[in-house]
file data20.pdb (PDB, C-alpha atoms)
ATOM      1  CA  MET A   1       0.000   0.000   0.000
ATOM      2  CA  ASN A   2       2.872   2.350   0.808
ATOM      3  CA  LEU A   3       4.367   1.565  -2.603
ATOM      4  CA  ILE A   4       1.130   2.502  -4.368
ATOM      5  CA  ARG A   5       0.880   5.724  -2.353
ATOM      6  CA  SER A   6       4.475   6.569  -3.228
ATOM      7  CA  ASN A   7       3.888   6.021  -6.934
ATOM      8  CA  TYR A   8       0.730   8.110  -6.800
ATOM      9  CA  ASP A   9       2.538  10.990  -5.084
ATOM     10  CA  THR A  10       5.345  10.836  -7.652
ATOM     11  CA  ASP A  11       2.885  10.983 -10.594
ATOM     12  CA  SER A  12       1.085  13.914  -9.009
ATOM     13  CA  ASP A  13       4.339  15.803  -8.564
ATOM     14  CA  VAL A  14       5.265  15.252 -12.229
ATOM     15  CA  GLU A  15       1.877  16.483 -13.432
ATOM     16  CA  SER A  16       2.121  19.551 -11.196
ATOM     17  CA  GLU A  17       5.578  20.331 -12.553
ATOM     18  CA  ILE A  18       4.320  20.087 -16.163
ATOM     19  CA  GLU A  19       1.424  22.421 -15.394
ATOM     20  CA  ARG A  20       3.814  24.977 -13.844
ATOM     21  CA  GLU A  21       6.021  24.853 -16.951
ATOM     22  CA  HIS A  22       3.011  25.486 -19.206
ATOM     23  CA  GLU A  23       1.925  28.428 -17.057
ATOM     24  CA  GLN A  24       5.436  29.921 -17.221
ATOM     25  CA  GLU A  25       5.537  29.540 -21.007
ATOM     26  CA  HIS A  26       2.122  31.159 -21.295
ATOM     27  CA  GLU A  27       3.247  34.096 -19.123
ATOM     28  CA  GLN A  28       6.290  34.593 -21.380
ATOM     29  CA  LEU A  29       4.130  35.025 -24.515
ATOM     30  CA  PRO A  30       3.792  38.650 -25.646
ATOM     31  CA  CYS A  31       0.442  40.317 -25.072
ATOM     32  CA  ILE A  32      -1.639  41.141 -28.125
ATOM     33  CA  PRO A  33      -2.631  44.817 -28.246
ATOM     34  CA  ASP A  34      -6.333  45.507 -27.843
ATOM     35  CA  LYS A  35      -6.517  47.367 -31.154
ATOM     36  CA  VAL A  36      -5.356  44.204 -32.977
ATOM     37  CA  ILE A  37      -7.894  42.071 -31.143
ATOM     38  CA  TYR A  38     -10.738  44.476 -31.922
ATOM     39  CA  ARG A  39      -9.654  44.692 -35.559
ATOM     40  CA  TYR A  40      -9.861  40.959 -36.241
ATOM     41  CA  GLN A  41     -12.573  39.988 -33.798
ATOM     42  CA  LYS A  42     -15.863  40.133 -35.691
ATOM     43  CA  ASP A  43     -19.306  39.092 -34.610
ATOM     44  CA  PRO A  44     -20.678  36.136 -36.589
ATOM     45  CA  LYS A  45     -23.085  37.222 -39.326
ATOM     46  CA  MET A  46     -25.558  35.283 -41.398
ATOM     47  CA  SER A  47     -24.612  35.125 -45.085
ATOM     48  CA  THR A  48     -26.470  37.465 -47.397
ATOM     49  CA  SER A  49     -28.360  34.678 -49.151
ATOM     50  CA  LEU A  50     -29.452  33.038 -45.898
ATOM     51  CA  SER A  51     -30.421  36.396 -44.472
ATOM     52  CA  GLN A  52     -32.584  37.126 -47.495
ATOM     53  CA  LEU A  53     -34.180  33.699 -47.299
ATOM     54  CA  SER A  54     -35.039  34.226 -43.658
ATOM     55  CA  LYS A  55     -36.774  37.504 -44.465
ATOM     56  CA  LYS A  56     -38.361  36.630 -47.797
ATOM     57  CA  ARG A  57     -39.127  33.299 -49.404
ATOM     58  CA  ASN A  58     -40.290  32.606 -52.913
ATOM     59  CA  TRP A  59     -43.335  30.342 -52.877
ATOM     60  CA  SER A  60     -43.596  28.168 -55.984
ATOM     61  CA  ALA A  61     -46.339  26.225 -57.726
ATOM     62  CA  PHE A  62     -47.178  24.797 -61.138
ATOM     63  CA  ALA A  63     -50.171  23.185 -62.861
ATOM     64  CA  PHE A  64     -50.169  19.819 -64.590
ATOM     65  CA  ILE A  65     -52.146  16.842 -65.906
ATOM     66  CA  GLU A  66     -51.409  13.547 -64.192
ATOM     67  CA  PHE A  67     -50.654  10.580 -66.468
ATOM     68  CA  GLN A  68     -50.925   7.221 -64.686
ATOM     69  CA  LEU A  69     -49.590   4.293 -66.713
ATOM     70  CA  THR A  70     -51.361   0.934 -66.631
ATOM     71  CA  GLN A  71     -49.421  -2.274 -65.990
ATOM     72  CA  GLN A  72     -49.329  -3.054 -69.696
ATOM     73  CA  GLN A  73     -48.187   0.480 -70.517
ATOM     74  CA  LEU A  74     -45.481   0.250 -67.851
ATOM     75  CA  PHE A  75     -44.146  -2.926 -69.459
ATOM     76  CA  VAL A  76     -44.086  -1.319 -72.911
ATOM     77  CA  MET A  77     -42.578   1.957 -71.679
ATOM     78  CA  ASN A  78     -39.870   0.185 -69.706
ATOM     79  CA  ASN A  79     -38.815  -1.759 -72.812
ATOM     80  CA  LEU A  80     -38.797   1.438 -74.869
ATOM     81  CA  VAL A  81     -36.528   3.241 -72.394
ATOM     82  CA  ARG A  82     -34.216   0.230 -72.366
ATOM     83  CA  GLU A  83     -34.068   0.356 -76.185
ATOM     84  CA  VAL A  84     -33.228   4.066 -76.103
ATOM     85  CA  ASN A  85     -30.381   3.445 -73.655
ATOM     86  CA  GLU A  86     -29.014   0.744 -75.937
ATOM     87  CA  THR A  87     -29.168   3.138 -78.886
ATOM     88  CA  MET A  88     -27.564   6.036 -76.981
ATOM     89  CA  LYS A  89     -24.846   4.197 -75.036
ATOM     90  CA  THR A  90     -22.101   5.314 -77.431
ATOM     91  CA  GLU A  91     -23.025   8.913 -76.538
ATOM     92  CA  LYS A  92     -22.545   8.247 -72.792
ATOM     93  CA  VAL A  93     -26.244   8.834 -72.197
ATOM     94  CA  TYR A  94     -28.295   6.793 -69.743
ATOM     95  CA  PHE A  95     -31.939   7.519 -68.990
ATOM     96  CA  SER A  96     -33.530   6.432 -65.708
ATOM     97  CA  PRO A  97     -37.319   5.878 -65.795
ATOM     98  CA  LEU A  98     -39.390   8.495 -64.010
ATOM     99  CA  PHE A  99     -42.323   6.102 -63.606
ATOM    100  CA  TYR A 100     -40.462   4.102 -60.949
ATOM    101  CA  GLY A 101     -39.490   5.454 -57.564
ATOM    102  CA  ARG A 102     -37.818   3.940 -54.545
ATOM    103  CA  MET A 103     -38.150   0.182 -54.171
ATOM    104  CA  ASN A 104     -39.550   0.155 -57.748
ATOM    105  CA  ALA A 105     -42.793   1.762 -56.582
ATOM    106  CA  VAL A 106     -44.849   2.962 -59.556
ATOM    107  CA  LYS A 107     -45.096   6.740 -59.832
ATOM    108  CA  PRO A 108     -47.511   8.769 -61.968
ATOM    109  CA  LEU A 109     -46.063  10.954 -64.712
ATOM    110  CA  HIS A 110     -47.242  14.463 -65.486
ATOM    111  CA  ILE A 111     -47.712  16.926 -68.342
ATOM    112  CA  SER A 112     -46.867  20.467 -67.255
ATOM    113  CA  LEU A 113     -49.462  23.106 -68.154
ATOM    114  CA  SER A 114     -47.528  26.068 -66.772
ATOM    115  CA  PRO A 115     -43.995  27.180 -66.048
ATOM    116  CA  THR A 116     -42.914  27.139 -62.420
ATOM    117  CA  LEU A 117     -44.672  30.139 -60.885
ATOM    118  CA  MET A 118     -43.037  32.130 -58.090
ATOM    119  CA  PHE A 119     -45.257  34.029 -55.660
ATOM    120  CA  PRO A 120     -44.231  36.655 -53.080
ATOM    121  CA  ASP A 121     -45.997  34.908 -50.195
ATOM    122  CA  GLN A 122     -48.128  31.934 -49.281
ATOM    123  CA  GLN A 123     -51.364  33.912 -49.301
ATOM    124  CA  SER A 124     -50.776  34.920 -52.925
ATOM    125  CA  ILE A 125     -50.655  31.250 -53.936
ATOM    126  CA  SER A 126     -53.909  30.554 -52.093
ATOM    127  CA  ASP A 127     -55.606  33.516 -53.774
ATOM    128  CA  TRP A 128     -54.292  32.428 -57.188
ATOM    129  CA  ILE A 129     -55.598  28.874 -56.759
ATOM    130  CA  GLN A 130     -59.036  30.139 -55.768
ATOM    131  CA  ALA A 131     -59.112  32.549 -58.708
ATOM    132  CA  PHE A 132     -58.076  29.797 -61.135
ATOM    133  CA  LYS A 133     -60.719  27.445 -59.710
ATOM    134  CA  SER A 134     -63.371  30.107 -60.239
ATOM    135  CA  LYS A 135     -62.339  30.652 -63.864
ATOM    136  CA  ILE A 136     -62.455  26.903 -64.571
ATOM    137  CA  THR A 137     -65.855  26.538 -62.894
ATOM    138  CA  GLN A 138     -67.387  29.524 -64.658
ATOM    139  CA  ASP A 139     -66.094  28.584 -68.135
ATOM    140  CA  THR A 140     -68.955  26.505 -69.557
ATOM    141  CA  THR A 141     -66.954  25.673 -72.712
ATOM    142  CA  LEU A 142     -64.493  23.477 -70.820
ATOM    143  CA  ARG A 143     -64.981  19.722 -70.618
ATOM    144  CA  ARG A 144     -63.062  16.535 -69.943
ATOM    145  CA  PHE A 145     -60.844  15.313 -72.755
ATOM    146  CA  ASN A 146     -58.385  12.581 -73.764
ATOM    147  CA  VAL A 147     -54.642  13.131 -73.976
ATOM    148  CA  HIS A 148     -52.773  11.197 -76.683
ATOM    149  CA  LEU A 149     -49.037  10.848 -77.199
ATOM    150  CA  GLN A 150     -47.113  11.269 -80.421
ATOM    151  CA  PRO A 151     -44.794   8.306 -81.282
ATOM    152  CA  GLU A 152     -41.620  10.364 -81.594
ATOM    153  CA  TRP A 153     -38.887  10.810 -79.005
ATOM    154  CA  SER A 154     -37.800  14.296 -77.998
ATOM    155  CA  LEU A 155     -35.231  15.722 -75.598
ATOM    156  CA  TYR A 156     -35.993  18.599 -73.251
ATOM    157  CA  PRO A 157     -33.523  20.146 -70.767
ATOM    158  CA  ASN A 158     -34.360  21.573 -67.375
ATOM    159  CA  PHE A 159     -33.903  25.297 -66.714
ATOM    160  CA  ASP A 160     -30.099  25.163 -66.264
ATOM    161  CA  LYS A 161     -29.544  22.310 -68.761
ATOM    162  CA  THR A 162     -28.026  19.978 -66.182
ATOM    163  CA  VAL A 163     -30.746  17.338 -66.692
ATOM    164  CA  TRP A 164     -32.046  15.961 -69.993
ATOM    165  CA  PHE A 165     -35.560  14.507 -70.156
ATOM    166  CA  LEU A 166     -36.615  11.782 -72.583
ATOM    167  CA  SER A 167     -40.103  12.850 -73.623
ATOM    168  CA  LEU A 168     -43.073  12.157 -75.878
ATOM    169  CA  PRO A 169     -44.952  15.133 -77.377
ATOM    170  CA  VAL A 170     -48.668  15.512 -76.709
ATOM    171  CA  VAL A 171     -50.852  15.233 -79.817
ATOM    172  CA  ARG A 172     -52.701  18.476 -80.464
ATOM    173  CA  ASN A 173     -55.881  17.453 -82.297
ATOM    174  CA  SER A 174     -59.040  19.442 -82.911
ATOM    175  CA  GLY A 175     -60.598  18.098 -79.721
ATOM    176  CA  GLN A 176     -57.860  19.649 -77.602
ATOM    177  CA  GLU A 177     -57.126  22.793 -79.577
ATOM    178  CA  ASP A 178     -60.084  24.621 -78.049
ATOM    179  CA  ILE A 179     -59.515  23.311 -74.494
ATOM    180  CA  LEU A 180     -55.818  23.406 -73.613
ATOM    181  CA  PRO A 181     -55.272  27.025 -74.765
ATOM    182  CA  LYS A 182     -58.252  28.088 -72.643
ATOM    183  CA  ILE A 183     -56.845  26.303 -69.600
ATOM    184  CA  THR A 184     -53.397  27.852 -69.998
ATOM    185  CA  GLY A 185     -55.063  31.205 -70.670
ATOM    186  CA  HIS A 186     -56.903  31.002 -67.339
ATOM    187  CA  LEU A 187     -53.657  29.965 -65.649
ATOM    188  CA  LYS A 188     -51.774  32.917 -67.090
ATOM    189  CA  THR A 189     -54.464  35.522 -66.336
ATOM    190  CA  SER A 190     -55.054  34.421 -62.746
ATOM    191  CA  SER A 191     -51.322  34.108 -61.957
ATOM    192  CA  MET A 192     -50.539  37.591 -63.278
ATOM    193  CA  GLU A 193     -53.442  39.011 -61.274
ATOM    194  CA  HIS A 194     -51.810  37.689 -58.076
ATOM    195  CA  GLY A 195     -48.226  38.805 -58.559
ATOM    196  CA  ALA A 196     -46.690  35.608 -59.949
ATOM    197  CA  SER A 197     -43.422  35.616 -61.874
ATOM    198  CA  PHE A 198     -41.870  32.854 -63.945
ATOM    199  CA  GLY A 199     -38.460  32.052 -65.318
ATOM    200  CA  HIS A 200     -37.066  30.771 -68.589
ATOM    201  CA  LEU A 201     -40.357  29.550 -70.146
ATOM    202  CA  SER A 202     -43.539  31.449 -70.903
ATOM    203  CA  PHE A 203     -47.064  30.028 -70.899
ATOM    204  CA  GLU A 204     -47.052  30.141 -74.700
ATOM    205  CA  GLU A 205     -43.837  28.108 -74.890
ATOM    206  CA  VAL A 206     -45.191  25.522 -72.463
ATOM    207  CA  LEU A 207     -48.355  25.184 -74.548
ATOM    208  CA  GLU A 208     -46.355  24.890 -77.776
ATOM    209  CA  LYS A 209     -44.111  22.140 -76.352
ATOM    210  CA  LEU A 210     -46.568  20.088 -74.307
ATOM    211  CA  HIS A 211     -44.928  16.750 -73.570
ATOM    212  CA  LEU A 212     -44.779  13.793 -71.228
ATOM    213  CA  SER A 213     -41.325  13.158 -69.749
ATOM    214  CA  VAL A 214     -40.778   9.445 -69.103
ATOM    215  CA  ALA A 215     -37.065   9.265 -68.154
ATOM    216  CA  SER A 216     -34.168  11.553 -67.237
ATOM    217  CA  ASP A 217     -30.390  11.686 -67.535
ATOM    218  CA  PRO A 218     -29.012  13.897 -64.737
ATOM    219  CA  ASN A 219     -25.463  15.222 -64.868
ATOM    220  CA  ASN A 220     -24.608  13.849 -68.292
ATOM    221  CA  PRO A 221     -20.771  14.059 -68.489
ATOM    222  CA  THR A 222     -20.737  15.627 -71.955
ATOM    223  CA  SER A 223     -23.284  18.290 -71.031
ATOM    224  CA  VAL A 224     -21.520  19.017 -67.736
ATOM    225  CA  LYS A 225     -18.259  19.584 -69.628
ATOM    226  CA  PHE A 226     -19.875  22.154 -71.918
ATOM    227  CA  LEU A 227     -21.586  23.843 -68.970
ATOM    228  CA  ARG A 228     -18.328  24.129 -67.029
ATOM    229  CA  ASN A 229     -16.658  25.709 -70.050
ATOM    230  CA  GLN A 230     -19.728  27.939 -70.605
ATOM    231  CA  ASP A 231     -19.788  26.630 -74.167
ATOM    232  CA  GLN A 232     -23.399  27.234 -75.210
ATOM    233  CA  ILE A 233     -22.638  26.553 -78.881
ATOM    234  CA  GLY A 234     -21.110  23.192 -78.010
ATOM    235  CA  LEU A 235     -24.082  22.405 -75.758
ATOM    236  CA  GLU A 236     -26.596  23.139 -78.526
ATOM    237  CA  HIS A 237     -24.537  21.142 -81.044
ATOM    238  CA  ASN A 238     -24.488  18.195 -78.638
ATOM    239  CA  LEU A 239     -28.283  18.416 -78.224
ATOM    240  CA  LEU A 240     -28.798  18.270 -81.991
ATOM    241  CA  LYS A 241     -26.420  15.323 -82.185
ATOM    242  CA  LEU A 242     -28.315  13.454 -79.475
ATOM    243  CA  GLN A 243     -31.677  14.284 -81.043
ATOM    244  CA  LYS A 244     -30.508  12.903 -84.384
ATOM    245  CA  ARG A 245     -29.171   9.773 -82.727
ATOM    246  CA  LEU A 246     -32.441   9.378 -80.863
ATOM    247  CA  GLN A 247     -34.332   9.084 -84.153
ATOM    248  CA  ASN A 248     -32.844   5.606 -84.539
ATOM    249  CA  ALA A 249     -35.041   4.487 -81.637
ATOM    250  CA  ASN A 250     -38.241   5.863 -83.186
ATOM    251  CA  SER A 251     -38.850   2.792 -85.357
ATOM    252  CA  LEU A 252     -39.593   0.577 -82.352
ATOM    253  CA  LEU A 253     -41.565   3.401 -80.770
ATOM    254  CA  GLN A 254     -43.874   3.645 -83.776
ATOM    255  CA  THR A 255     -44.653  -0.079 -83.724
ATOM    256  CA  SER A 256     -45.111  -0.307 -79.965
ATOM    257  CA  GLY A 257     -48.675   0.976 -79.900
ATOM    258  CA  ILE A 258     -47.654   4.143 -78.072
ATOM    259  CA  ALA A 259     -50.115   6.087 -80.230
ATOM    260  CA  GLN A 260     -52.913   4.239 -78.411
ATOM    261  CA  PHE A 261     -51.620   5.382 -75.024
ATOM    262  CA  GLN A 262     -54.056   7.907 -73.620
ATOM    263  CA  VAL A 263     -55.319   9.306 -70.381
ATOM    264  CA  LYS A 264     -58.732  10.758 -69.718
ATOM    265  CA  CYS A 265     -58.154  14.201 -68.247
ATOM    266  CA  THR A 266     -60.918  14.592 -65.671
ATOM    267  CA  GLU A 267     -59.095  17.049 -63.423
ATOM    268  CA  LEU A 268     -56.242  19.520 -63.322
ATOM    269  CA  LYS A 269     -53.687  19.456 -60.550
ATOM    270  CA  ILE A 270     -51.519  22.081 -58.889
ATOM    271  CA  LYS A 271     -48.365  21.249 -56.972
ATOM    272  CA  ARG A 272     -47.862  23.689 -54.142
ATOM    273  CA  ASP A 273     -44.736  22.978 -52.096
ATOM    274  CA  ASN A 274     -45.331  19.380 -50.926
ATOM    275  CA  SER A 275     -49.096  19.313 -51.426
ATOM    276  CA  ILE A 276     -51.261  18.571 -54.477
ATOM    277  CA  ILE A 277     -54.542  20.400 -55.158
ATOM    278  CA  SER A 278     -57.067  18.826 -57.551
ATOM    279  CA  ILE A 279     -59.461  20.893 -59.677
ATOM    280  CA  PRO A 280     -62.123  18.747 -61.400
ATOM    281  CA  LEU A 281     -63.219  19.506 -64.943
ATOM    282  CA  PRO A 282     -66.921  19.483 -65.884
ATOM    283  CA  TYR A 283     -68.313  16.514 -67.823
TER     284      TYR A 283
END
call {"tool": "encode", "arguments": {"input": "data20.pdb", "output": "C-alpha cells"}}
result
Amino acid sequence: MNLIRSNYDTDSDVESEIEREHEQEHEQLPCIPDKVIYRYQKDPKMSTSLSQLSKKRNWSAFAFIEFQLTQQQLFVMNNLVREVNETMKTEKVYFSPLFYGRMNAVKPLHISLSPTLMFPDQQSISDWIQAFKSKITQDTTLRRFNVHLQPEWSLYPNFDKTVWFLSLPVVRNSGQEDILPKITGHLKTSSMEHGASFGHLSFEEVLEKLHLSVASDPNNPTSVKFLRNQDQIGLEHNLLKLQKRLQNANSLLQTSGIAQFQVKCTELKIKRDNSIISIPLPY
C-alpha cells in the first residue's frame, strides 16, 4: 500500500511540474494589443443569401395533368426506355425511368401546363388557386378530354440544362385545340393578377411544347463539360447530335402501340410545395 501511495505521489508531482512549466511559457508570450484584437474579432453574421431567405421566401407552384400508366403500358414503356439506352450508349447517355421510384414503386407521370410560378408569399398562392378554380368553374366551354401521345422521341432540358428529359410530345388534335389554350389562358391571367413571376419559359412556350417526360439523364458528363466551359454553342450542337441519334429508336416506338396510349383528363392538378390540389373539370 505504501508503494502505491508513493507512486501516486510521484505521478502527481510530475503532473504539477508540467502544469507549472506550461503556465510559465504562457506568461512569457507577448500580449496582443487591444486594437489588434478588436480589428480581427468580428461578430458572426448570417450570409447574405441566408439572411434574405429568412426575411423573404419565394413560394412556388405549377399546374399539370397527371398521367398514370397501366401495368401493360409500364411494361411497354420500360422496354422502350431500355431500347433508347441501348441506342444512346455510345453517346454516354443513360436515362432512368421516371415512372419508378424507390423500391420500384410505380409513380404517376405528369404533363406540365404552366412554367414554375413564383409568388411573393403563401397567401398569394392561395388567392391564385381560388381565382383559377373560379375561372375553370365559370367557363362553360371546358370539358373533360383525352390526352394522346405522339410516337416520336424528344429531348428537353431543365432550366439550367443539367438534366435531360426523354419525352413524348402531346398530340394536339381538334378536340384539344379549343380546351388546352383556354386552360393555360386562365392559368396565365389568374397568376398575373396575383403577382406571380416565372423564369425561362412562358405560358405560350409551355403550350407549344406540351410533352410527357418518361425518363431523365441527370449530370450527363458531356453536357456538364460544356456547362463548365460555358460553351453554349457546343451544348446546342451536342443536343442536336443526341436528337438525331435518338431518331434511330423511333422505329420501335412507332410499332409499340404508343399512339394508343391515352389518359382521360378529368381534373387539373396544382403542386404547391409538398401538397397537391385537384381541380375537377366538368363533364
call {"tool": "resolve_selection", "arguments": {"input": "data20.pdb", "expression": "the PyMOL selection byres ((chain A and resi 128) around 10)", "output": "NGL selection string"}}
result
:A and (119 or 123-127 or 129-134 or 187 or 189-196)
call {"tool": "residues_around", "arguments": {"input": "data20.pdb", "residues": "A:Val81", "least_positions_apart": "3", "cutoff": "10 Å", "atoms": "all atoms listed in the file", "output": "ChimeraX atom specification"}}
result
/A:76-78,84-87,94-97,166,214-215,249,253
call {"tool": "resolve_selection", "arguments": {"input": "data20.pdb", "expression": "the PyMOL selection byres ((chain A and resi 64) around 7)", "output": "number ranges by chain"}}
result
A: 62-63, 65-66, 110-113, 268-270
call {"tool": "write_last_selection", "arguments": {"input": "data20.pdb", "atoms": "C-alpha atoms", "output": "PDB file, in the coordinates of the input"}}
result
ATOM      1  CA  PHE A  62     -47.178  24.797 -61.138  1.00  0.00           C
ATOM      2  CA  ALA A  63     -50.171  23.185 -62.861  1.00  0.00           C
ATOM      3  CA  ILE A  65     -52.146  16.842 -65.906  1.00  0.00           C
ATOM      4  CA  GLU A  66     -51.409  13.547 -64.192  1.00  0.00           C
ATOM      5  CA  HIS A 110     -47.242  14.463 -65.486  1.00  0.00           C
ATOM      6  CA  ILE A 111     -47.712  16.926 -68.342  1.00  0.00           C
ATOM      7  CA  SER A 112     -46.867  20.467 -67.255  1.00  0.00           C
ATOM      8  CA  LEU A 113     -49.462  23.106 -68.154  1.00  0.00           C
ATOM      9  CA  LEU A 268     -56.242  19.520 -63.322  1.00  0.00           C
ATOM     10  CA  LYS A 269     -53.687  19.456 -60.550  1.00  0.00           C
ATOM     11  CA  ILE A 270     -51.519  22.081 -58.889  1.00  0.00           C
TER      12      ILE A 270
END
call {"tool": "closest_residue", "arguments": {"input": "data20.pdb", "among": "A:Pro157, A:Ser167, A:Glu236, A:His186", "to": "A:Thr137", "atoms": "all atoms listed in the file"}}
result
A:His186
call {"tool": "resolve_selection", "arguments": {"input": "data20.pdb", "expression": "the PyMOL selection byres ((chain A and resi 159) around 9)", "output": "list in words"}}
result
Pro157, Asn158, Asp160, Lys161, Thr162, Val163, Gly199, His200 and Leu201 of chain A
call {"tool": "write_last_selection", "arguments": {"input": "data20.pdb", "atoms": "C-alpha atoms", "output": "CSV table (one decimal), in the coordinates of the input"}}
result
chain,number,residue,atom,x,y,z
A,157,PRO,CA,-33.5,20.1,-70.8
A,158,ASN,CA,-34.4,21.6,-67.4
A,160,ASP,CA,-30.1,25.2,-66.3
A,161,LYS,CA,-29.5,22.3,-68.8
A,162,THR,CA,-28.0,20.0,-66.2
A,163,VAL,CA,-30.7,17.3,-66.7
A,199,GLY,CA,-38.5,32.1,-65.3
A,200,HIS,CA,-37.1,30.8,-68.6
A,201,LEU,CA,-40.4,29.6,-70.1
call {"tool": "atom_distance", "arguments": {"input": "data20.pdb", "atom1": "atom CA of A:Val263", "atom2": "atom CA of A:Glu208"}}
result
19.4 Å
call {"tool": "atom_distance", "arguments": {"input": "data20.pdb", "atom1": "atom CA of A:Thr266", "atom2": "atom CA of A:Thr140"}}
result
14.9 Å
call {"tool": "atom_distance", "arguments": {"input": "data20.pdb", "atom1": "atom CA of A:Ile233", "atom2": "atom CA of A:Pro221"}}
result
16.4 Å
call {"tool": "closest_residue", "arguments": {"input": "data20.pdb", "among": "A:Phe261, A:Phe75, A:Trp164, A:Gln138", "to": "A:Leu235", "atoms": "all atoms listed in the file"}}
result
A:Trp164
call {"tool": "residues_around", "arguments": {"input": "data20.pdb", "residues": "A:Asp273", "least_positions_apart": "4", "cutoff": "9 Å", "atoms": "only C-alpha atoms", "output": "ChimeraX atom specification"}}
result
/A:59-61
call {"tool": "build_atoms", "arguments": {"input": "data20.pdb", "residues": "stretch 134-154 of chain A", "atoms": "N, CA and C atoms", "output": "short mmCIF file (atom, residue, chain, number, x, y, z; two decimals), in the coordinates of the input"}}
result
data_model
loop_
_atom_site.label_atom_id
_atom_site.label_comp_id
_atom_site.auth_asym_id
_atom_site.auth_seq_id
_atom_site.Cartn_x
_atom_site.Cartn_y
_atom_site.Cartn_z
N SER A 134 -62.16 29.38 -59.84
CA SER A 134 -63.37 30.11 -60.24
C SER A 134 -63.46 30.23 -61.75
N LYS A 135 -62.33 30.52 -62.40
CA LYS A 135 -62.34 30.65 -63.86
C LYS A 135 -62.69 29.32 -64.53
N ILE A 136 -62.15 28.22 -64.00
CA ILE A 136 -62.46 26.90 -64.57
C ILE A 136 -63.93 26.56 -64.37
N THR A 137 -64.45 26.85 -63.19
CA THR A 137 -65.86 26.54 -62.89
C THR A 137 -66.81 27.36 -63.72
N GLN A 138 -66.48 28.62 -63.95
CA GLN A 138 -67.39 29.52 -64.66
C GLN A 138 -67.31 29.39 -66.18
N ASP A 139 -66.24 28.75 -66.69
CA ASP A 139 -66.09 28.58 -68.14
C ASP A 139 -66.90 27.36 -68.59
N THR A 140 -68.06 27.60 -69.16
CA THR A 140 -68.96 26.50 -69.56
C THR A 140 -68.49 25.81 -70.82
N THR A 141 -67.45 26.31 -71.48
CA THR A 141 -66.95 25.67 -72.71
C THR A 141 -65.93 24.57 -72.41
N LEU A 142 -65.48 24.50 -71.17
CA LEU A 142 -64.49 23.48 -70.82
C LEU A 142 -65.17 22.14 -70.56
N ARG A 143 -64.47 21.07 -70.85
CA ARG A 143 -64.98 19.72 -70.62
C ARG A 143 -63.80 18.76 -70.47
N ARG A 144 -64.10 17.54 -70.07
CA ARG A 144 -63.06 16.54 -69.94
C ARG A 144 -62.62 16.07 -71.34
N PHE A 145 -61.37 15.68 -71.44
CA PHE A 145 -60.84 15.31 -72.76
C PHE A 145 -59.77 14.25 -72.62
N ASN A 146 -59.43 13.60 -73.73
CA ASN A 146 -58.38 12.58 -73.76
C ASN A 146 -57.06 13.20 -74.20
N VAL A 147 -55.99 12.70 -73.61
CA VAL A 147 -54.64 13.13 -73.98
C VAL A 147 -53.95 11.97 -74.67
N HIS A 148 -53.48 12.20 -75.90
CA HIS A 148 -52.77 11.20 -76.68
C HIS A 148 -51.31 11.61 -76.84
N LEU A 149 -50.47 10.61 -77.05
CA LEU A 149 -49.04 10.85 -77.20
C LEU A 149 -48.59 10.59 -78.63
N GLN A 150 -47.66 11.41 -79.08
CA GLN A 150 -47.11 11.27 -80.42
C GLN A 150 -45.93 10.30 -80.39
N PRO A 151 -45.88 9.30 -81.30
CA PRO A 151 -44.79 8.31 -81.28
C PRO A 151 -43.49 8.85 -81.87
N GLU A 152 -42.88 9.76 -81.15
CA GLU A 152 -41.62 10.36 -81.59
C GLU A 152 -40.87 10.90 -80.37
N TRP A 153 -39.66 10.39 -80.16
CA TRP A 153 -38.89 10.81 -79.00
C TRP A 153 -38.39 12.24 -79.16
N SER A 154 -38.35 12.94 -78.04
CA SER A 154 -37.80 14.30 -78.00
C SER A 154 -36.98 14.46 -76.72
#
